[in-house]
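Single-structure report; data block below.
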Amino acid sequence: LNIARGVVLKKRKKRKKFIDSAKNNLVIINAGMEALADVGMIDKEKIKPVEDSVTALFLQLKKE
């Protein structure tokens, strides 16, 4: 949602704020998934595709 909000902004500084927020949220999502796997609430193998997607998206946003 932060990406969608930031993309339409014309001022780079404001757009960057939303992109940075999106990157922070991706880190939180990744940490949450790892915590769930660590306590056995979800199988580590099942979160691998999500973690891969989160990493790929983070790297894309890092270019912005």
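Starting from 1 in every chain, residues are counted up; chains themselves are A, B, ... following the order of the structure tokens, and ligands are numbered from 1 as listed.
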#### Entry: Residues within 12 Å of Arg15 (chain A), only C-alpha atoms, excluding chain neighbours under 4 positions, as a ChimeraX atom specification
/A:2-11,19-22,61,64
Output file for the selection above: C-alpha atoms, as a tab-separated table (two decimals), in the first residue's frame:
```
chain	number	residue	atom	x	y	z
A	2	ASN	CA	2.88	2.36	0.69
A	3	ILE	CA	4.24	1.70	-2.77
A	4	ALA	CA	0.88	2.52	-4.35
A	5	ARG	CA	0.61	5.73	-2.33
A	6	GLY	CA	4.17	6.81	-3.09
A	7	VAL	CA	4.20	6.10	-6.81
A	8	VAL	CA	1.67	8.80	-7.61
A	9	LEU	CA	3.58	11.53	-5.80
A	10	LYS	CA	5.51	13.96	-7.95
A	11	LYS	CA	7.97	15.22	-5.34
A	19	ILE	CA	9.22	3.75	-0.52
A	20	ASP	CA	11.28	3.72	2.68
A	21	SER	CA	8.18	2.86	4.66
A	22	ALA	CA	7.46	-0.03	2.28
A	61	LEU	CA	12.78	-0.80	-3.89
A	64	GLU	CA	14.39	3.78	-5.99
```
### Query
Quick one: residues within 12 Å of Leu57 (chain A), only C-alpha atoms counted, chain neighbours fewer than 5 positions away excluded, as number ranges by chain?
A: 3, 19, 22-27, 30, 50-52, 62-64
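Distance annotation: of A:Gly32, A:Ala37, A:Lys13, A:Phe18, the residue with the minimal separation from Leu1 (chain A) is A:Phe18; atom set is only C-alpha atoms.
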### Message
Using DSSP assignments from the backbone, pull out every residue in chain A that falls under helix (DSSP H, G or I) and give it to me as a PyMOL selection string.
### Response
chain A and resi 2-7+12-38+44-62
